[in-house]
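One file, upload23.cif, is given below (mmCIF, C-alpha atoms, pLDDT in the B column; chains and numbers go by the auth columns).
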```cif
data_protein
#
loop_
_atom_site.group_PDB
_atom_site.id
_atom_site.type_symbol
_atom_site.label_atom_id
_atom_site.label_comp_id
_atom_site.label_asym_id
_atom_site.label_seq_id
_atom_site.Cartn_x
_atom_site.Cartn_y
_atom_site.Cartn_z
_atom_site.B_iso_or_equiv
_atom_site.auth_seq_id
_atom_site.auth_asym_id
ATOM 1 C CA MET A 1 -72.430 55.453 -16.872 87.00 1 A
ATOM 2 C CA PHE A 2 -69.289 53.352 -16.417 90.00 2 A
ATOM 3 C CA VAL A 3 -69.599 50.062 -14.539 91.00 3 A
ATOM 4 C CA LEU A 4 -67.452 47.029 -13.769 93.00 4 A
ATOM 5 C CA VAL A 5 -68.770 43.870 -15.398 92.00 5 A
ATOM 6 C CA GLU A 6 -67.716 40.383 -14.339 93.00 6 A
ATOM 7 C CA MET A 7 -67.295 37.877 -17.169 92.00 7 A
ATOM 8 C CA VAL A 8 -65.897 34.407 -17.793 95.00 8 A
ATOM 9 C CA ASP A 9 -64.054 33.833 -21.057 93.00 9 A
ATOM 10 C CA THR A 10 -61.603 31.466 -22.703 94.00 10 A
ATOM 11 C CA VAL A 11 -58.472 33.110 -24.054 95.00 11 A
ATOM 12 C CA ARG A 12 -56.261 31.739 -26.825 95.00 12 A
ATOM 13 C CA ILE A 13 -52.564 32.513 -26.291 95.00 13 A
ATOM 14 C CA PRO A 14 -50.534 32.085 -29.508 94.00 14 A
ATOM 15 C CA PRO A 15 -47.209 30.209 -29.306 93.00 15 A
ATOM 16 C CA TRP A 16 -45.102 33.329 -29.951 94.00 16 A
ATOM 17 C CA SER A 17 -46.403 34.764 -26.641 92.00 17 A
ATOM 18 C CA PHE A 18 -45.230 31.821 -24.516 93.00 18 A
ATOM 19 C CA HIS A 19 -42.040 33.635 -23.453 94.00 19 A
ATOM 20 C CA ARG A 20 -44.139 36.245 -21.599 94.00 20 A
ATOM 21 C CA GLN A 21 -45.736 35.932 -18.173 93.00 21 A
ATOM 22 C CA LEU A 22 -49.143 34.220 -18.381 91.00 22 A
ATOM 23 C CA ASN A 23 -51.061 37.090 -16.741 91.00 23 A
ATOM 24 C CA GLU A 24 -49.452 39.635 -19.052 92.00 24 A
ATOM 25 C CA ALA A 25 -50.186 37.593 -22.193 93.00 25 A
ATOM 26 C CA ILE A 26 -53.793 36.976 -21.124 94.00 26 A
ATOM 27 C CA ALA A 27 -54.370 40.661 -20.364 92.00 27 A
ATOM 28 C CA GLU A 28 -53.063 41.657 -23.796 93.00 28 A
ATOM 29 C CA GLU A 29 -55.182 39.066 -25.631 93.00 29 A
ATOM 30 C CA LEU A 30 -58.328 40.015 -23.678 93.00 30 A
ATOM 31 C CA ASN A 31 -57.809 43.688 -24.477 93.00 31 A
ATOM 32 C CA LYS A 32 -57.399 42.813 -28.174 93.00 32 A
ATOM 33 C CA LYS A 33 -60.533 40.683 -28.070 92.00 33 A
ATOM 34 C CA LEU A 34 -62.894 42.852 -25.987 91.00 34 A
ATOM 35 C CA ALA A 35 -61.671 46.465 -25.709 91.00 35 A
ATOM 36 C CA ASN A 36 -63.594 49.033 -27.766 92.00 36 A
ATOM 37 C CA LYS A 37 -66.203 46.459 -28.749 92.00 37 A
ATOM 38 C CA VAL A 38 -69.922 46.287 -27.975 92.00 38 A
ATOM 39 C CA VAL A 39 -70.865 43.087 -26.150 89.00 39 A
ATOM 40 C CA TYR A 40 -74.514 42.008 -26.185 88.00 40 A
ATOM 41 C CA ASN A 41 -76.301 42.640 -22.846 86.00 41 A
ATOM 42 C CA VAL A 42 -73.166 44.335 -21.470 87.00 42 A
ATOM 43 C CA GLY A 43 -72.487 47.521 -23.416 89.00 43 A
ATOM 44 C CA LEU A 44 -69.331 49.093 -24.786 93.00 44 A
ATOM 45 C CA CYS A 45 -66.298 47.395 -23.229 92.00 45 A
ATOM 46 C CA VAL A 46 -63.643 50.038 -22.635 93.00 46 A
ATOM 47 C CA CYS A 47 -60.759 48.021 -21.191 92.00 47 A
ATOM 48 C CA LEU A 48 -59.770 45.122 -18.979 92.00 48 A
ATOM 49 C CA TYR A 49 -59.831 46.018 -15.286 93.00 49 A
ATOM 50 C CA ASP A 50 -58.616 42.824 -13.590 92.00 50 A
ATOM 51 C CA VAL A 51 -58.219 39.088 -14.092 93.00 51 A
ATOM 52 C CA THR A 52 -59.508 37.426 -10.930 93.00 52 A
ATOM 53 C CA LYS A 53 -59.216 33.696 -11.611 94.00 53 A
ATOM 54 C CA LEU A 54 -57.341 31.530 -14.094 93.00 54 A
ATOM 55 C CA GLU A 55 -57.920 27.843 -14.652 94.00 55 A
ATOM 56 C CA ASP A 56 -55.573 25.285 -16.203 94.00 56 A
ATOM 57 C CA SER A 57 -54.321 25.885 -19.739 93.00 57 A
ATOM 58 C CA TYR A 58 -54.880 23.353 -22.502 94.00 58 A
ATOM 59 C CA ILE A 59 -53.211 22.802 -25.859 93.00 59 A
ATOM 60 C CA PHE A 60 -55.481 21.092 -28.388 93.00 60 A
ATOM 61 C CA PRO A 61 -54.207 18.746 -31.124 93.00 61 A
ATOM 62 C CA GLY A 62 -53.513 20.582 -34.371 93.00 62 A
ATOM 63 C CA ASP A 63 -53.363 23.968 -32.621 91.00 63 A
ATOM 64 C CA GLY A 64 -50.129 25.085 -30.998 91.00 64 A
ATOM 65 C CA ALA A 65 -51.826 27.773 -28.913 94.00 65 A
ATOM 66 C CA SER A 66 -52.684 27.607 -25.237 95.00 66 A
ATOM 67 C CA HIS A 67 -56.361 27.964 -24.258 96.00 67 A
ATOM 68 C CA THR A 68 -57.010 29.291 -20.744 95.00 68 A
ATOM 69 C CA LYS A 69 -60.378 29.900 -19.090 95.00 69 A
ATOM 70 C CA GLY A 70 -60.569 32.769 -16.627 93.00 70 A
ATOM 71 C CA ALA A 71 -62.826 35.150 -14.737 95.00 71 A
ATOM 72 C CA LEU A 72 -62.297 38.847 -15.295 94.00 72 A
ATOM 73 C CA PHE A 73 -63.645 42.324 -14.688 95.00 73 A
ATOM 74 C CA LEU A 74 -64.143 44.754 -17.568 92.00 74 A
ATOM 75 C CA THR A 75 -64.807 48.470 -17.482 93.00 75 A
ATOM 76 C CA ALA A 76 -67.915 48.985 -19.602 93.00 76 A
ATOM 77 C CA PHE A 77 -70.041 51.929 -20.619 93.00 77 A
ATOM 78 C CA ILE A 78 -73.783 51.366 -20.314 88.00 78 A
ATOM 79 C CA GLN A 79 -76.119 53.963 -21.728 81.00 79 A
ATOM 80 C CA ARG A 80 -79.009 54.809 -19.482 76.00 80 A
ATOM 81 C CA ARG A 81 -82.292 55.285 -21.228 71.00 81 A
ATOM 82 C CA SER A 82 -83.732 58.669 -20.412 67.00 82 A
ATOM 83 C CA ARG A 83 -87.314 58.984 -19.360 65.00 83 A
ATOM 84 C CA SER A 84 -89.455 60.867 -21.808 63.00 84 A
ATOM 85 C CA SER A 85 -92.539 62.521 -20.370 55.00 85 A
#
```
Is it possible to express this structure as structure tokens?
Amino acid sequence: MFVLVEMVDTVRIPPWSFHRQLNEAIAEELNKKLANKVVYNVGLCVCLYDVTKLEDSYIFPGDGASHTKGALFLTAFIQRRSRSS
């Protein structure tokens, strides 16, 4: 069964993606990070559905990338356990 799962995650945007819109860059990085992967207690994440909230971005010393925390919805596949009689 496919379900929408709400998650909160921090996304690292590399410097060569700064010329793109923030939402577009975050969506691409989240799909790279989570799509087609099994997440513990969630299931198989199929794709990003929506980014609902973004917080401020930070650049840490020694790392030129931007780190942004956000809330998102993922489309996930959860396998139902069948009842065996």
Can you work out the spacing between CA of Pro14 (chain A) and CA of Leu44 (chain A) in Å, to one decimal?
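Rounded to one decimal, the two atoms are 25.8 Å apart.
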Take CA of Val46 (chain A) and CA of His67 (chain A) and report the distance between them in Å, one decimal.
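Interatomic distance, CA of Val46 (chain A) to CA of His67 (chain A): 23.3 Å.
In terms of minimum interatomic distance to Thr52 (chain A), A:Ala71 ranks closest within A:Leu4, A:Leu30, A:Ala71, A:Ala25, counting all atoms listed in the file.
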Closest to Lys53 (chain A) among A:Ile78, A:Leu34, A:Val8, A:Glu24, using only C-alpha atoms?
A:Val8
Have a look at A:Val51, A:Lys33, A:Ser66, A:Leu74 and name the one nearest to Ile13 (chain A); count all atoms listed in the file.
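Answer, going by the shortest atom-to-atom distance: A:Ser66.
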Could you name the residues that touch Tyr58 (chain A) at 10 Å or less, counting all atoms listed in the file, but leaving out those on the same chain fewer than 3 positions away, as a JSON list (two decimals) with C-alpha atoms, in the frame of the given file?
```
[["chain", "number", "residue", "atom", "x", "y", "z"],
["A", 12, "ARG", "CA", -56.26, 31.74, -26.82],
["A", 55, "GLU", "CA", -57.92, 27.84, -14.65],
["A", 61, "PRO", "CA", -54.21, 18.75, -31.12],
["A", 64, "GLY", "CA", -50.13, 25.08, -31.00],
["A", 65, "ALA", "CA", -51.83, 27.77, -28.91],
["A", 66, "SER", "CA", -52.68, 27.61, -25.24],
["A", 67, "HIS", "CA", -56.36, 27.96, -24.26],
["A", 68, "THR", "CA", -57.01, 29.29, -20.74],
["A", 69, "LYS", "CA", -60.38, 29.90, -19.09]]
```
I need the residue set behind the PyMOL selection byres ((chain A and resi 45) around 6) for this file; please write it as a PyMOL selection string.
chain A and resi 35-37+44+46-47+76
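The space separating CA of Met7 (chain A) from CA of Ile59 (chain A) comes to 22.4 Å.
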Box dimensions and centre (Å, one decimal) enclosing region 28-34 of chain A, axis-aligned, 5 Å extra per side, as AutoDock Vina command-line options:
```
--center_x -58.0 --center_y 41.4 --center_z -25.9 --size_x 19.8 --size_y 14.6 --size_z 14.5
```
Looking at A:Leu54, A:Val38, A:Met1, A:Val11, which one is nearest to Gln79 (chain A), with distances taken over all atoms listed in the file?
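Looking at the shortest contact to Gln79 (chain A), the residue is A:Met1.
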Given all atoms listed in the file as the basis, pick out the residue of A:Trp16, A:Val42, A:Leu22, A:Thr10 nearest to Thr75 (chain A).
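Nearest candidate to Thr75 (chain A) out of A:Trp16, A:Val42, A:Leu22, A:Thr10: A:Val42.
Distance check against Phe2 (chain A) using all atoms listed in the file: of A:Arg80, A:Val39, A:His19, A:Ile26, the minimum falls on A:Arg80.
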Could you complete region 15-26 of chain A so that it carries all heavy atoms, and give it back as a PDB file, keeping the file's coordinate frame?
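Output below, filename part_20.pdb:
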```pdb
ATOM      1  N   PRO A  15     -48.511  30.741 -29.734  1.00 93.00           N
ATOM      2  CA  PRO A  15     -47.209  30.209 -29.306  1.00 93.00           C
ATOM      3  C   PRO A  15     -46.113  31.267 -29.190  1.00 93.00           C
ATOM      4  O   PRO A  15     -45.235  31.145 -28.356  1.00 93.00           O
ATOM      5  CB  PRO A  15     -46.853  29.189 -30.387  1.00 93.00           C
ATOM      6  CG  PRO A  15     -48.107  28.865 -31.081  1.00 93.00           C
ATOM      7  CD  PRO A  15     -49.013  30.026 -30.910  1.00 93.00           C
ATOM      8  N   TRP A  16     -46.157  32.315 -30.012  1.00 94.00           N
ATOM      9  CA  TRP A  16     -45.102  33.329 -29.951  1.00 94.00           C
ATOM     10  C   TRP A  16     -45.230  34.224 -28.716  1.00 94.00           C
ATOM     11  O   TRP A  16     -44.371  35.041 -28.467  1.00 94.00           O
ATOM     12  CB  TRP A  16     -45.075  34.189 -31.220  1.00 94.00           C
ATOM     13  CG  TRP A  16     -46.396  34.765 -31.597  1.00 94.00           C
ATOM     14  CD1 TRP A  16     -46.941  35.924 -31.136  1.00 94.00           C
ATOM     15  CD2 TRP A  16     -47.329  34.211 -32.503  1.00 94.00           C
ATOM     16  NE1 TRP A  16     -48.163  36.124 -31.693  1.00 94.00           N
ATOM     17  CE2 TRP A  16     -48.428  35.087 -32.548  1.00 94.00           C
ATOM     18  CE3 TRP A  16     -47.349  33.071 -33.286  1.00 94.00           C
ATOM     19  CZ2 TRP A  16     -49.547  34.847 -33.333  1.00 94.00           C
ATOM     20  CZ3 TRP A  16     -48.466  32.845 -34.066  1.00 94.00           C
ATOM     21  CH2 TRP A  16     -49.534  33.719 -34.096  1.00 94.00           C
ATOM     22  N   SER A  17     -46.264  34.019 -27.890  1.00 92.00           N
ATOM     23  CA  SER A  17     -46.403  34.764 -26.641  1.00 92.00           C
ATOM     24  C   SER A  17     -46.041  33.924 -25.419  1.00 92.00           C
ATOM     25  O   SER A  17     -46.223  34.372 -24.286  1.00 92.00           O
ATOM     26  CB  SER A  17     -47.842  35.275 -26.487  1.00 92.00           C
ATOM     27  OG  SER A  17     -48.141  36.216 -27.471  1.00 92.00           O
ATOM     28  N   PHE A  18     -45.543  32.708 -25.634  1.00 93.00           N
ATOM     29  CA  PHE A  18     -45.230  31.821 -24.516  1.00 93.00           C
ATOM     30  C   PHE A  18     -44.059  32.320 -23.669  1.00 93.00           C
ATOM     31  O   PHE A  18     -43.932  31.947 -22.508  1.00 93.00           O
ATOM     32  CB  PHE A  18     -44.941  30.405 -24.992  1.00 93.00           C
ATOM     33  CG  PHE A  18     -46.155  29.633 -25.429  1.00 93.00           C
ATOM     34  CD1 PHE A  18     -46.016  28.438 -26.109  1.00 93.00           C
ATOM     35  CD2 PHE A  18     -47.429  30.072 -25.159  1.00 93.00           C
ATOM     36  CE1 PHE A  18     -47.118  27.705 -26.512  1.00 93.00           C
ATOM     37  CE2 PHE A  18     -48.548  29.361 -25.559  1.00 93.00           C
ATOM     38  CZ  PHE A  18     -48.388  28.171 -26.242  1.00 93.00           C
ATOM     39  N   HIS A  19     -43.190  33.149 -24.220  1.00 94.00           N
ATOM     40  CA  HIS A  19     -42.040  33.635 -23.453  1.00 94.00           C
ATOM     41  C   HIS A  19     -42.443  34.685 -22.420  1.00 94.00           C
ATOM     42  O   HIS A  19     -41.677  34.972 -21.513  1.00 94.00           O
ATOM     43  CB  HIS A  19     -40.982  34.214 -24.403  1.00 94.00           C
ATOM     44  CG  HIS A  19     -41.401  35.488 -25.061  1.00 94.00           C
ATOM     45  ND1 HIS A  19     -42.247  35.505 -26.147  1.00 94.00           N
ATOM     46  CD2 HIS A  19     -41.110  36.777 -24.771  1.00 94.00           C
ATOM     47  CE1 HIS A  19     -42.450  36.765 -26.515  1.00 94.00           C
ATOM     48  NE2 HIS A  19     -41.773  37.557 -25.691  1.00 94.00           N
ATOM     49  N   ARG A  20     -43.660  35.211 -22.523  1.00 94.00           N
ATOM     50  CA  ARG A  20     -44.139  36.245 -21.599  1.00 94.00           C
ATOM     51  C   ARG A  20     -44.816  35.610 -20.387  1.00 94.00           C
ATOM     52  O   ARG A  20     -45.195  34.439 -20.406  1.00 94.00           O
ATOM     53  CB  ARG A  20     -45.116  37.148 -22.328  1.00 94.00           C
ATOM     54  CG  ARG A  20     -44.458  37.796 -23.537  1.00 94.00           C
ATOM     55  CD  ARG A  20     -45.407  38.589 -24.356  1.00 94.00           C
ATOM     56  NE  ARG A  20     -45.978  39.645 -23.548  1.00 94.00           N
ATOM     57  CZ  ARG A  20     -47.116  40.246 -23.861  1.00 94.00           C
ATOM     58  NH1 ARG A  20     -47.772  39.907 -24.934  1.00 94.00           N
ATOM     59  NH2 ARG A  20     -47.583  41.192 -23.088  1.00 94.00           N
ATOM     60  N   GLN A  21     -44.990  36.391 -19.339  1.00 93.00           N
ATOM     61  CA  GLN A  21     -45.736  35.932 -18.173  1.00 93.00           C
ATOM     62  C   GLN A  21     -47.181  35.651 -18.588  1.00 93.00           C
ATOM     63  O   GLN A  21     -47.739  36.356 -19.432  1.00 93.00           O
ATOM     64  CB  GLN A  21     -45.726  36.996 -17.070  1.00 93.00           C
ATOM     65  CG  GLN A  21     -44.372  37.223 -16.446  1.00 93.00           C
ATOM     66  CD  GLN A  21     -43.948  36.023 -15.610  1.00 93.00           C
ATOM     67  OE1 GLN A  21     -44.773  35.376 -14.974  1.00 93.00           O
ATOM     68  NE2 GLN A  21     -42.668  35.738 -15.630  1.00 93.00           N
ATOM     69  N   LEU A  22     -47.793  34.629 -17.999  1.00 91.00           N
ATOM     70  CA  LEU A  22     -49.143  34.220 -18.381  1.00 91.00           C
ATOM     71  C   LEU A  22     -50.148  35.345 -18.166  1.00 91.00           C
ATOM     72  O   LEU A  22     -50.969  35.632 -19.044  1.00 91.00           O
ATOM     73  CB  LEU A  22     -49.562  32.966 -17.608  1.00 91.00           C
ATOM     74  CG  LEU A  22     -50.932  32.394 -17.955  1.00 91.00           C
ATOM     75  CD1 LEU A  22     -50.979  31.950 -19.407  1.00 91.00           C
ATOM     76  CD2 LEU A  22     -51.273  31.241 -17.037  1.00 91.00           C
ATOM     77  N   ASN A  23     -50.107  36.007 -17.019  1.00 91.00           N
ATOM     78  CA  ASN A  23     -51.061  37.090 -16.741  1.00 91.00           C
ATOM     79  C   ASN A  23     -50.929  38.224 -17.741  1.00 91.00           C
ATOM     80  O   ASN A  23     -51.924  38.796 -18.184  1.00 91.00           O
ATOM     81  CB  ASN A  23     -50.859  37.632 -15.326  1.00 91.00           C
ATOM     82  CG  ASN A  23     -51.289  36.651 -14.273  1.00 91.00           C
ATOM     83  OD1 ASN A  23     -52.037  35.719 -14.557  1.00 91.00           O
ATOM     84  ND2 ASN A  23     -50.817  36.843 -13.067  1.00 91.00           N
ATOM     85  N   GLU A  24     -49.711  38.561 -18.099  1.00 92.00           N
ATOM     86  CA  GLU A  24     -49.452  39.635 -19.052  1.00 92.00           C
ATOM     87  C   GLU A  24     -49.974  39.274 -20.443  1.00 92.00           C
ATOM     88  O   GLU A  24     -50.613  40.093 -21.117  1.00 92.00           O
ATOM     89  CB  GLU A  24     -47.948  39.894 -19.096  1.00 92.00           C
ATOM     90  CG  GLU A  24     -47.510  41.065 -19.912  1.00 92.00           C
ATOM     91  CD  GLU A  24     -45.996  41.200 -19.881  1.00 92.00           C
ATOM     92  OE1 GLU A  24     -45.429  41.210 -18.781  1.00 92.00           O
ATOM     93  OE2 GLU A  24     -45.411  41.291 -20.969  1.00 92.00           O
ATOM     94  N   ALA A  25     -49.724  38.048 -20.882  1.00 93.00           N
ATOM     95  CA  ALA A  25     -50.186  37.593 -22.193  1.00 93.00           C
ATOM     96  C   ALA A  25     -51.710  37.523 -22.244  1.00 93.00           C
ATOM     97  O   ALA A  25     -52.325  37.914 -23.246  1.00 93.00           O
ATOM     98  CB  ALA A  25     -49.579  36.231 -22.519  1.00 93.00           C
ATOM     99  N   ILE A  26     -52.333  37.060 -21.174  1.00 94.00           N
ATOM    100  CA  ILE A  26     -53.793  36.976 -21.124  1.00 94.00           C
ATOM    101  C   ILE A  26     -54.412  38.366 -21.138  1.00 94.00           C
ATOM    102  O   ILE A  26     -55.395  38.609 -21.843  1.00 94.00           O
ATOM    103  CB  ILE A  26     -54.243  36.165 -19.894  1.00 94.00           C
ATOM    104  CG1 ILE A  26     -53.963  34.686 -20.142  1.00 94.00           C
ATOM    105  CG2 ILE A  26     -55.709  36.397 -19.579  1.00 94.00           C
ATOM    106  CD1 ILE A  26     -54.269  33.787 -18.990  1.00 94.00           C
TER     107      ILE A  26
END
```
